[in-house]
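Engineer: Pasting in a structure now, in structure tokens, and then I'll have a few things to ask.
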Amino acid sequence: MTAASDSVQDTANGPLYVDTQHDDMVHDAQLDYYGCKLATSSSDRTIKIYNVSGSSYEHTATLQGHEGPVWQVSWAHPKFGVMLASCSFDGNVLIHRETRPREWTLLYAAKHLHSSSVNGLAFCPHEFGLMLAAASSDGKISILAHQLDNSWSVEYLQDCNLGVNSVTWAPSGAYNDGLPRLMTGGCDNGIRLWKRNSEMSWEEVKIEKKHSDWVRDVAWAPPILPNVNVVASCSEDSKVLIWTSEKKEEEDEDWNCILLNEFEGPVWKVSWSLTAQLLAVSSGDSDVSLWKQGLDGVWSQMTSVPDVDPS
């Protein structure tokens with residue numbers, strides 16, 4: 001734990017820039033459900049927590065425990081408390097909880113969960129309980145589920161043998177059948193859809209490969225209509241694809257994609273706004289760009305945010 005620090009900026013004409021004070025590269029930054037807490041993860045093996053309000057931020061905690069670079073963090077739904085999961089090159093997944101303001105404890109340590117780097121993770125919609133999926137370079141997806149006796153069960157899915165980079169859950173309300181689904185992005189240039197059936201086992205839904213290099217991230221858009229789903233994927237081939245599927249009763253899902261844009265470098269992250277109206281894209285050309293789909297179905301860039309604080 002480190003001493004708290006405050007910073008106030010004039011954000012009337014631009015974004016809020018956070019000086020994370022990490023000692024190495026920052027790999028992920030995630031706001032919680034209310035947008036009031038920010039968690040960042042870094043190659044310095046730590047996670048930093050900030051309180052964010054308007055034009056100011058305050059560093060409140062530094063979480064440790066990983067033995068390698070921390071690739072990603074994920075907040076649980078607030079119905080489970082203030083809970084944060086993290087994954088690392090060390091093959092471990094750690095779950096921390098804020099017990100009192102500024103005081104964090106290690107709730108669960110999934111040591112050696114995978115035999116190789118854990119590259120991405122995500123909590124599922126709270127309607128399905130306290131459950132977490134993690135994607136690893138060993139080619140597997142692990143699903144951690146909290147049990148009534150406060151233990152955690154682990155289930156594995158054999159995904160891409162070359163390695164899995166990212167995972168995203170279908171939001172609540174995405175399907176009429178109410179069954180959980182998740183999608184992954186892998187090192188075989190493809191995305192995979194996994195569906196839990198009525199027998200509570202997982203089955204894969206085949207999707208044709210459209211990327212020509214590793215898929216670095218996948219993000220499921222908040223649903224507008226049941227059974228009509230949109231997913232964004234990004235790749236080291238510099239492309240962002242928008243996948244759509246409209247599932248009709250008693251018919252198999254058919255996923256089709258269109259090209260959002262081809263960037264000047266690899267694309268690392270994609271993230272949807274809560275209303276699914278905007279898509280943020282983080283690319284290797286040091287820009288974060290915002291995209292919106294028009295009524296004609298064409299995607300256009302709204303704005304671009306430079307990676308470096310101009311001040």
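Identifiers for the structure tokens are assigned positionally: chains receive A, B, ... in sequence, residues are indexed from 1 per chain, and ligands are indexed from 1 in the order shown.
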When you look at region 177-192 of chain A with a cut-off of 8 Å (counting only C-alpha atoms), what residues show up, excluding the ones that are within fewer than 4 positions of it in the same chain? I need them as a ChimeraX atom specification.

Structural biologist: /A:128,135,159-160,162-170,172-173,196-198,204-218,233,235

Engineer: Which residues come within 6 Å of Thr244 (chain A), counting only C-alpha atoms, excluding same-chain residues fewer than 6 positions away, as a PyMOL selection string?

Structural biologist: chain A and resi 229-230+255-256

Engineer: Put those residues in a file: N, CA, C and O atoms, as a CSV table (one decimal), in the first residue's frame.

Structural biologist:
chain,number,residue,atom,x,y,z
A,229,ASN,N,-27.1,-9.7,-32.0
A,229,ASN,CA,-25.9,-9.4,-31.2
A,229,ASN,C,-24.8,-8.8,-32.1
A,229,ASN,O,-24.8,-9.1,-33.3
A,230,VAL,N,-24.0,-8.0,-31.5
A,230,VAL,CA,-22.9,-7.4,-32.2
A,230,VAL,C,-21.6,-7.5,-31.4
A,230,VAL,O,-21.6,-7.3,-30.1
A,255,TRP,N,-22.9,-15.8,-38.0
A,255,TRP,CA,-22.2,-14.6,-37.8
A,255,TRP,C,-21.6,-14.1,-39.1
A,255,TRP,O,-20.9,-14.8,-39.8
A,256,ASN,N,-21.8,-12.8,-39.4
A,256,ASN,CA,-21.3,-12.1,-40.5
A,256,ASN,C,-20.5,-10.9,-40.0
A,256,ASN,O,-20.8,-10.3,-39.0

Engineer: Report, in Å with one decimal, the straight-line distance from CA of Ile143 (chain A) to CA of Lys195 (chain A).

Structural biologist: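 These atoms are spaced 12.8 Å apart.
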
Engineer: Residues of region 194-258 of chain A classed as strand (DSSP E) by DSSP on the backbone are to be reported as a ChimeraX atom specification.

Structural biologist: /A:194-196,202-205,215-220,228-235,239-246,255-258

Engineer: For Val288 (chain A), please output as a list in words all residues within 12 Å (counting only C-alpha atoms; exclusion window: fewer than 5 positions along the same chain).

Structural biologist: Pro15, Phe263, Val267, Trp268, Lys269, Val270, Ser271, Leu279, Ala280, Val281, Ser282, Ser283, Gln301, Met302, Thr303, Ser304, Val305, Pro306, Asp307 and Val308 of chain A

Engineer: Take the residues just selected and output them with N, CA and C atoms as a compact mmCIF listing (two decimals), in the first residue's frame.

Structural biologist:
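Output file selection-v2.txt follows:
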# COMPACT_ATOMS: atom_id res chain seq x y z
N PRO A 15 -9.68 15.13 -22.41
CA PRO A 15 -9.77 14.01 -21.47
C PRO A 15 -8.98 14.25 -20.19
N PHE A 263 -6.23 0.16 -39.76
CA PHE A 263 -5.40 1.19 -39.14
C PHE A 263 -3.95 1.08 -39.62
N VAL A 267 -3.89 -3.43 -33.83
CA VAL A 267 -4.95 -2.90 -32.96
C VAL A 267 -5.04 -3.80 -31.74
N TRP A 268 -4.97 -3.18 -30.56
CA TRP A 268 -4.82 -3.95 -29.32
C TRP A 268 -6.11 -4.10 -28.53
N LYS A 269 -6.95 -3.06 -28.50
CA LYS A 269 -8.13 -3.11 -27.64
C LYS A 269 -9.33 -2.47 -28.33
N VAL A 270 -10.52 -3.02 -28.03
CA VAL A 270 -11.78 -2.41 -28.45
C VAL A 270 -12.72 -2.39 -27.25
N SER A 271 -13.53 -1.34 -27.14
CA SER A 271 -14.43 -1.22 -25.99
C SER A 271 -15.68 -0.44 -26.39
N LEU A 279 -17.82 2.97 -30.28
CA LEU A 279 -16.79 1.96 -30.12
C LEU A 279 -15.44 2.67 -30.01
N ALA A 280 -14.72 2.40 -28.93
CA ALA A 280 -13.37 2.95 -28.76
C ALA A 280 -12.36 1.93 -29.25
N VAL A 281 -11.36 2.40 -29.99
CA VAL A 281 -10.35 1.53 -30.57
C VAL A 281 -8.97 2.05 -30.18
N SER A 282 -8.16 1.17 -29.58
CA SER A 282 -6.78 1.52 -29.20
C SER A 282 -5.83 0.81 -30.15
N SER A 283 -5.04 1.58 -30.89
CA SER A 283 -4.21 1.00 -31.95
C SER A 283 -2.74 1.34 -31.76
N GLN A 301 -15.47 7.77 -38.05
CA GLN A 301 -14.70 8.17 -36.88
C GLN A 301 -15.23 9.49 -36.33
N MET A 302 -15.47 9.49 -35.02
CA MET A 302 -15.99 10.70 -34.38
C MET A 302 -14.87 11.60 -33.90
N THR A 303 -13.88 11.03 -33.23
CA THR A 303 -12.76 11.81 -32.69
C THR A 303 -11.60 10.89 -32.44
N SER A 304 -10.46 11.49 -32.15
CA SER A 304 -9.24 10.75 -31.84
C SER A 304 -8.59 11.36 -30.62
N VAL A 305 -8.09 10.53 -29.71
CA VAL A 305 -7.44 11.00 -28.49
C VAL A 305 -5.98 10.58 -28.54
N PRO A 306 -5.04 11.53 -28.52
CA PRO A 306 -3.62 11.15 -28.55
C PRO A 306 -3.23 10.38 -27.30
N ASP A 307 -2.22 9.53 -27.46
CA ASP A 307 -1.78 8.67 -26.37
C ASP A 307 -0.97 9.41 -25.32
N VAL A 308 -0.45 10.59 -25.67
CA VAL A 308 0.43 11.34 -24.78
C VAL A 308 -0.25 12.64 -24.38

Engineer: Could you jot down the CA of Val26 (chain A) to CA of Tyr108 (chain A) separation for me, Å, one decimal place?

Structural biologist: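 CA of Tyr108 (chain A) lies 23.6 Å from CA of Val26 (chain A).
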
Engineer: Excluding Ser136 (chain A) and its own-chain neighbours fewer than 2 positions away, which residues fall within 9 Å of it when counting only C-alpha atoms? Please give them as a list in words.

Structural biologist: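 Using only C-alpha atoms, the neighbours found are Gly91, His114, Ser115, Ser116, Ser117, Val118, Asn119, Gly120, Ala134, Asp138, Gly139, Lys140, Ile141, Ser142, Gly163, Val164, Asn165 and Ser166 of chain A.
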
Engineer: Can those selected residues be exported to a file as a compact mmCIF listing (two decimals), in the first residue's frame so that it contains all heavy atoms?

Structural biologist:
# COMPACT_ATOMS: atom_id res chain seq x y z
N GLY A 91 0.78 -16.95 -15.00
CA GLY A 91 -0.19 -18.04 -15.06
C GLY A 91 -1.22 -18.03 -13.95
O GLY A 91 -2.02 -18.96 -13.84
N HIS A 114 -3.13 -21.76 -14.99
CA HIS A 114 -2.73 -22.17 -16.33
C HIS A 114 -1.24 -22.44 -16.35
O HIS A 114 -0.48 -21.93 -15.52
CB HIS A 114 -3.09 -21.09 -17.36
CG HIS A 114 -4.56 -20.96 -17.60
ND1 HIS A 114 -5.24 -21.74 -18.53
CD2 HIS A 114 -5.50 -20.16 -17.04
CE1 HIS A 114 -6.51 -21.41 -18.53
NE2 HIS A 114 -6.70 -20.45 -17.64
N SER A 115 -0.81 -23.21 -17.35
CA SER A 115 0.60 -23.56 -17.48
C SER A 115 1.39 -22.52 -18.23
O SER A 115 2.60 -22.64 -18.39
CB SER A 115 0.73 -24.92 -18.18
OG SER A 115 0.16 -24.86 -19.48
N SER A 116 0.71 -21.47 -18.69
CA SER A 116 1.37 -20.40 -19.43
C SER A 116 0.67 -19.08 -19.09
O SER A 116 -0.23 -19.04 -18.25
CB SER A 116 1.33 -20.68 -20.94
OG SER A 116 2.15 -19.78 -21.63
N SER A 117 1.08 -18.03 -19.76
CA SER A 117 0.56 -16.69 -19.48
C SER A 117 -0.97 -16.63 -19.57
O SER A 117 -1.56 -17.20 -20.49
CB SER A 117 1.17 -15.70 -20.47
OG SER A 117 0.58 -14.43 -20.35
N VAL A 118 -1.59 -15.94 -18.62
CA VAL A 118 -3.03 -15.66 -18.69
C VAL A 118 -3.18 -14.26 -19.26
O VAL A 118 -2.78 -13.27 -18.63
CB VAL A 118 -3.70 -15.77 -17.30
CG1 VAL A 118 -5.21 -15.54 -17.44
CG2 VAL A 118 -3.42 -17.13 -16.67
N ASN A 119 -3.73 -14.17 -20.47
CA ASN A 119 -3.69 -12.93 -21.24
C ASN A 119 -4.92 -12.03 -21.07
O ASN A 119 -4.83 -10.83 -21.31
CB ASN A 119 -3.52 -13.27 -22.72
CG ASN A 119 -2.28 -14.10 -22.97
OD1 ASN A 119 -1.21 -13.83 -22.43
ND2 ASN A 119 -2.42 -15.14 -23.79
N GLY A 120 -6.05 -12.60 -20.72
CA GLY A 120 -7.26 -11.81 -20.59
C GLY A 120 -8.24 -12.48 -19.66
O GLY A 120 -8.19 -13.70 -19.44
N ALA A 134 -11.06 -16.80 -17.90
CA ALA A 134 -9.70 -16.35 -18.17
C ALA A 134 -9.16 -17.06 -19.40
O ALA A 134 -9.38 -18.26 -19.59
CB ALA A 134 -8.80 -16.61 -16.96
N ASP A 138 -1.80 -21.16 -23.03
CA ASP A 138 -1.76 -22.62 -23.11
C ASP A 138 -2.90 -23.20 -23.95
O ASP A 138 -3.04 -24.42 -24.07
CB ASP A 138 -1.74 -23.26 -21.72
CG ASP A 138 -3.02 -22.99 -20.92
OD1 ASP A 138 -4.01 -22.50 -21.49
OD2 ASP A 138 -3.03 -23.28 -19.71
N GLY A 139 -3.74 -22.30 -24.51
CA GLY A 139 -4.81 -22.72 -25.41
C GLY A 139 -6.13 -23.00 -24.73
O GLY A 139 -7.08 -23.42 -25.39
N LYS A 140 -6.20 -22.72 -23.43
CA LYS A 140 -7.41 -23.05 -22.69
C LYS A 140 -8.09 -21.80 -22.14
O LYS A 140 -7.47 -20.77 -21.92
CB LYS A 140 -7.09 -24.00 -21.52
CG LYS A 140 -6.55 -25.35 -21.96
CD LYS A 140 -6.19 -26.21 -20.74
CE LYS A 140 -5.61 -27.54 -21.16
NZ LYS A 140 -5.20 -28.36 -19.99
N ILE A 141 -9.40 -21.96 -21.92
CA ILE A 141 -10.20 -20.99 -21.18
C ILE A 141 -10.54 -21.62 -19.84
O ILE A 141 -11.02 -22.77 -19.79
CB ILE A 141 -11.51 -20.63 -21.92
CG1 ILE A 141 -11.20 -20.00 -23.29
CG2 ILE A 141 -12.37 -19.70 -21.09
CD1 ILE A 141 -10.56 -18.64 -23.21
N SER A 142 -10.27 -20.93 -18.76
CA SER A 142 -10.69 -21.41 -17.44
C SER A 142 -11.89 -20.60 -16.97
O SER A 142 -11.96 -19.39 -17.21
CB SER A 142 -9.55 -21.31 -16.42
OG SER A 142 -9.12 -19.97 -16.29
N GLY A 163 -2.94 -20.63 -28.57
CA GLY A 163 -3.04 -19.64 -27.49
C GLY A 163 -4.27 -18.77 -27.64
O GLY A 163 -4.75 -18.52 -28.76
N VAL A 164 -4.78 -18.30 -26.52
CA VAL A 164 -5.97 -17.45 -26.49
C VAL A 164 -5.59 -16.11 -25.88
O VAL A 164 -4.94 -16.05 -24.83
CB VAL A 164 -7.11 -18.09 -25.68
CG1 VAL A 164 -8.42 -17.34 -25.92
CG2 VAL A 164 -7.26 -19.56 -26.04
N ASN A 165 -5.98 -15.02 -26.53
CA ASN A 165 -5.58 -13.68 -26.10
C ASN A 165 -6.65 -12.93 -25.33
O ASN A 165 -6.32 -12.06 -24.52
CB ASN A 165 -5.18 -12.85 -27.32
CG ASN A 165 -3.96 -13.41 -28.03
OD1 ASN A 165 -2.99 -13.80 -27.38
ND2 ASN A 165 -4.01 -13.45 -29.35
N SER A 166 -7.93 -13.23 -25.58
CA SER A 166 -8.97 -12.40 -24.98
C SER A 166 -10.27 -13.19 -24.85
O SER A 166 -10.47 -14.21 -25.52
CB SER A 166 -9.23 -11.15 -25.82
OG SER A 166 -9.60 -11.50 -27.13

Engineer: What is the CA of Thr46 (chain A) to CA of Gln147 (chain A) distance in Å?

Structural biologist: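 CA of Gln147 (chain A) lies 27.8 Å from CA of Thr46 (chain A).
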
Engineer: Which residues are near Val154 (chain A)? Cut-off 10 Å, only C-alpha atoms, ignore same chain within fewer than 2 positions. Put them as a PDB file with all heavy atoms, in the first residue's frame.

Structural biologist:
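Below is the file around-v4.pdb, written as the result:
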ATOM      1  N   ALA A 110      -5.805 -17.946  -7.496  1.00  0.00           N
ATOM      2  CA  ALA A 110      -5.803 -19.142  -8.342  1.00  0.00           C
ATOM      3  C   ALA A 110      -4.395 -19.320  -8.881  1.00  0.00           C
ATOM      4  O   ALA A 110      -4.066 -18.927 -10.007  1.00  0.00           O
ATOM      5  CB  ALA A 110      -6.816 -19.005  -9.471  1.00  0.00           C
ATOM      6  N   LEU A 113      -3.114 -21.522 -12.283  1.00  0.00           N
ATOM      7  CA  LEU A 113      -4.382 -21.840 -12.938  1.00  0.00           C
ATOM      8  C   LEU A 113      -4.132 -22.328 -14.357  1.00  0.00           C
ATOM      9  O   LEU A 113      -4.848 -23.206 -14.847  1.00  0.00           O
ATOM     10  CB  LEU A 113      -5.278 -20.601 -12.937  1.00  0.00           C
ATOM     11  CG  LEU A 113      -6.666 -20.737 -13.544  1.00  0.00           C
ATOM     12  CD1 LEU A 113      -7.532 -21.674 -12.716  1.00  0.00           C
ATOM     13  CD2 LEU A 113      -7.336 -19.363 -13.659  1.00  0.00           C
ATOM     14  N   MET A 131     -18.902 -15.390 -11.465  1.00  0.00           N
ATOM     15  CA  MET A 131     -18.181 -16.307 -12.337  1.00  0.00           C
ATOM     16  C   MET A 131     -17.213 -15.505 -13.211  1.00  0.00           C
ATOM     17  O   MET A 131     -17.523 -14.393 -13.642  1.00  0.00           O
ATOM     18  CB  MET A 131     -19.165 -17.108 -13.192  1.00  0.00           C
ATOM     19  CG  MET A 131     -18.576 -18.259 -13.958  1.00  0.00           C
ATOM     20  SD  MET A 131     -19.832 -19.482 -14.457  1.00  0.00           S
ATOM     21  CE  MET A 131     -20.998 -18.464 -15.378  1.00  0.00           C
ATOM     22  N   LEU A 132     -16.046 -16.076 -13.460  1.00  0.00           N
ATOM     23  CA  LEU A 132     -14.974 -15.388 -14.140  1.00  0.00           C
ATOM     24  C   LEU A 132     -14.356 -16.305 -15.183  1.00  0.00           C
ATOM     25  O   LEU A 132     -14.109 -17.477 -14.922  1.00  0.00           O
ATOM     26  CB  LEU A 132     -13.909 -14.978 -13.113  1.00  0.00           C
ATOM     27  CG  LEU A 132     -12.619 -14.326 -13.598  1.00  0.00           C
ATOM     28  CD1 LEU A 132     -12.879 -12.891 -14.032  1.00  0.00           C
ATOM     29  CD2 LEU A 132     -11.579 -14.342 -12.492  1.00  0.00           C
ATOM     30  N   ALA A 133     -14.110 -15.778 -16.381  1.00  0.00           N
ATOM     31  CA  ALA A 133     -13.437 -16.539 -17.437  1.00  0.00           C
ATOM     32  C   ALA A 133     -12.074 -15.933 -17.687  1.00  0.00           C
ATOM     33  O   ALA A 133     -11.907 -14.699 -17.686  1.00  0.00           O
ATOM     34  CB  ALA A 133     -14.262 -16.530 -18.719  1.00  0.00           C
ATOM     35  N   SER A 142     -10.273 -20.925 -18.760  1.00  0.00           N
ATOM     36  CA  SER A 142     -10.690 -21.414 -17.442  1.00  0.00           C
ATOM     37  C   SER A 142     -11.886 -20.598 -16.970  1.00  0.00           C
ATOM     38  O   SER A 142     -11.956 -19.389 -17.207  1.00  0.00           O
ATOM     39  CB  SER A 142      -9.554 -21.314 -16.424  1.00  0.00           C
ATOM     40  OG  SER A 142      -9.115 -19.972 -16.288  1.00  0.00           O
ATOM     41  N   ILE A 143     -12.826 -21.281 -16.331  1.00  0.00           N
ATOM     42  CA  ILE A 143     -14.011 -20.615 -15.796  1.00  0.00           C
ATOM     43  C   ILE A 143     -14.048 -20.865 -14.303  1.00  0.00           C
ATOM     44  O   ILE A 143     -14.225 -22.000 -13.847  1.00  0.00           O
ATOM     45  CB  ILE A 143     -15.287 -21.122 -16.482  1.00  0.00           C
ATOM     46  CG1 ILE A 143     -15.217 -20.838 -17.981  1.00  0.00           C
ATOM     47  CG2 ILE A 143     -16.523 -20.459 -15.873  1.00  0.00           C
ATOM     48  CD1 ILE A 143     -16.383 -21.389 -18.775  1.00  0.00           C
ATOM     49  N   LEU A 144     -13.850 -19.809 -13.530  1.00  0.00           N
ATOM     50  CA  LEU A 144     -13.886 -19.861 -12.073  1.00  0.00           C
ATOM     51  C   LEU A 144     -15.275 -19.462 -11.605  1.00  0.00           C
ATOM     52  O   LEU A 144     -15.800 -18.428 -12.024  1.00  0.00           O
ATOM     53  CB  LEU A 144     -12.851 -18.911 -11.472  1.00  0.00           C
ATOM     54  CG  LEU A 144     -11.375 -19.249 -11.711  1.00  0.00           C
ATOM     55  CD1 LEU A 144     -10.505 -18.043 -11.378  1.00  0.00           C
ATOM     56  CD2 LEU A 144     -10.971 -20.444 -10.879  1.00  0.00           C
ATOM     57  N   ALA A 145     -15.867 -20.266 -10.734  1.00  0.00           N
ATOM     58  CA  ALA A 145     -17.215 -19.987 -10.233  1.00  0.00           C
ATOM     59  C   ALA A 145     -17.214 -20.065  -8.712  1.00  0.00           C
ATOM     60  O   ALA A 145     -16.735 -21.050  -8.127  1.00  0.00           O
ATOM     61  CB  ALA A 145     -18.222 -20.974 -10.815  1.00  0.00           C
ATOM     62  N   HIS A 146     -17.760 -19.047  -8.068  1.00  0.00           N
ATOM     63  CA  HIS A 146     -17.854 -19.012  -6.609  1.00  0.00           C
ATOM     64  C   HIS A 146     -18.968 -19.939  -6.134  1.00  0.00           C
ATOM     65  O   HIS A 146     -20.074 -19.933  -6.683  1.00  0.00           O
ATOM     66  CB  HIS A 146     -18.111 -17.585  -6.134  1.00  0.00           C
ATOM     67  CG  HIS A 146     -18.132 -17.427  -4.651  1.00  0.00           C
ATOM     68  ND1 HIS A 146     -19.296 -17.349  -3.928  1.00  0.00           N
ATOM     69  CD2 HIS A 146     -17.117 -17.352  -3.747  1.00  0.00           C
ATOM     70  CE1 HIS A 146     -19.007 -17.209  -2.649  1.00  0.00           C
ATOM     71  NE2 HIS A 146     -17.695 -17.217  -2.511  1.00  0.00           N
ATOM     72  N   TRP A 152     -14.023 -21.996  -4.726  1.00  0.00           N
ATOM     73  CA  TRP A 152     -14.124 -21.663  -6.150  1.00  0.00           C
ATOM     74  C   TRP A 152     -13.914 -22.927  -6.972  1.00  0.00           C
ATOM     75  O   TRP A 152     -12.919 -23.646  -6.773  1.00  0.00           O
ATOM     76  CB  TRP A 152     -13.081 -20.610  -6.543  1.00  0.00           C
ATOM     77  CG  TRP A 152     -13.339 -19.260  -5.946  1.00  0.00           C
ATOM     78  CD1 TRP A 152     -13.082 -18.867  -4.658  1.00  0.00           C
ATOM     79  CD2 TRP A 152     -13.910 -18.127  -6.606  1.00  0.00           C
ATOM     80  NE1 TRP A 152     -13.451 -17.559  -4.477  1.00  0.00           N
ATOM     81  CE2 TRP A 152     -13.960 -17.078  -5.656  1.00  0.00           C
ATOM     82  CE3 TRP A 152     -14.366 -17.893  -7.902  1.00  0.00           C
ATOM     83  CZ2 TRP A 152     -14.457 -15.818  -5.976  1.00  0.00           C
ATOM     84  CZ3 TRP A 152     -14.862 -16.635  -8.218  1.00  0.00           C
ATOM     85  CH2 TRP A 152     -14.910 -15.612  -7.263  1.00  0.00           C
ATOM     86  N   TYR A 156     -12.436 -26.079 -17.407  1.00  0.00           N
ATOM     87  CA  TYR A 156     -11.574 -25.702 -18.529  1.00  0.00           C
ATOM     88  C   TYR A 156     -12.254 -26.007 -19.857  1.00  0.00           C
ATOM     89  O   TYR A 156     -12.915 -27.035 -20.012  1.00  0.00           O
ATOM     90  CB  TYR A 156     -10.245 -26.454 -18.466  1.00  0.00           C
ATOM     91  CG  TYR A 156      -9.325 -26.000 -17.352  1.00  0.00           C
ATOM     92  CD1 TYR A 156      -9.287 -26.693 -16.147  1.00  0.00           C
ATOM     93  CD2 TYR A 156      -8.512 -24.885 -17.500  1.00  0.00           C
ATOM     94  CE1 TYR A 156      -8.444 -26.282 -15.118  1.00  0.00           C
ATOM     95  CE2 TYR A 156      -7.667 -24.470 -16.478  1.00  0.00           C
ATOM     96  CZ  TYR A 156      -7.645 -25.165 -15.298  1.00  0.00           C
ATOM     97  OH  TYR A 156      -6.813 -24.758 -14.278  1.00  0.00           O
TER      98      TYR A 156
END

Engineer: With a distance cut-off of 12 Å and only C-alpha atoms, select the neighbouring residues of Ser43 (chain A), excluding the residue or stretch itself and same-chain residues fewer than 2 positions from it, and output the selection as a list in words.

Structural biologist: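 Close residues of Ser43 (chain A): His22, Asp23, Asp24, Met25, Val26, His27, Asp28, Thr40, Ser41, Arg45, Thr46, Ile47, Lys48, Gln64, His66, Glu67, Gly68, Pro69, Val70, Trp71, Gln72, Cys87, Ser88, Phe89 and Asp90 of chain A.
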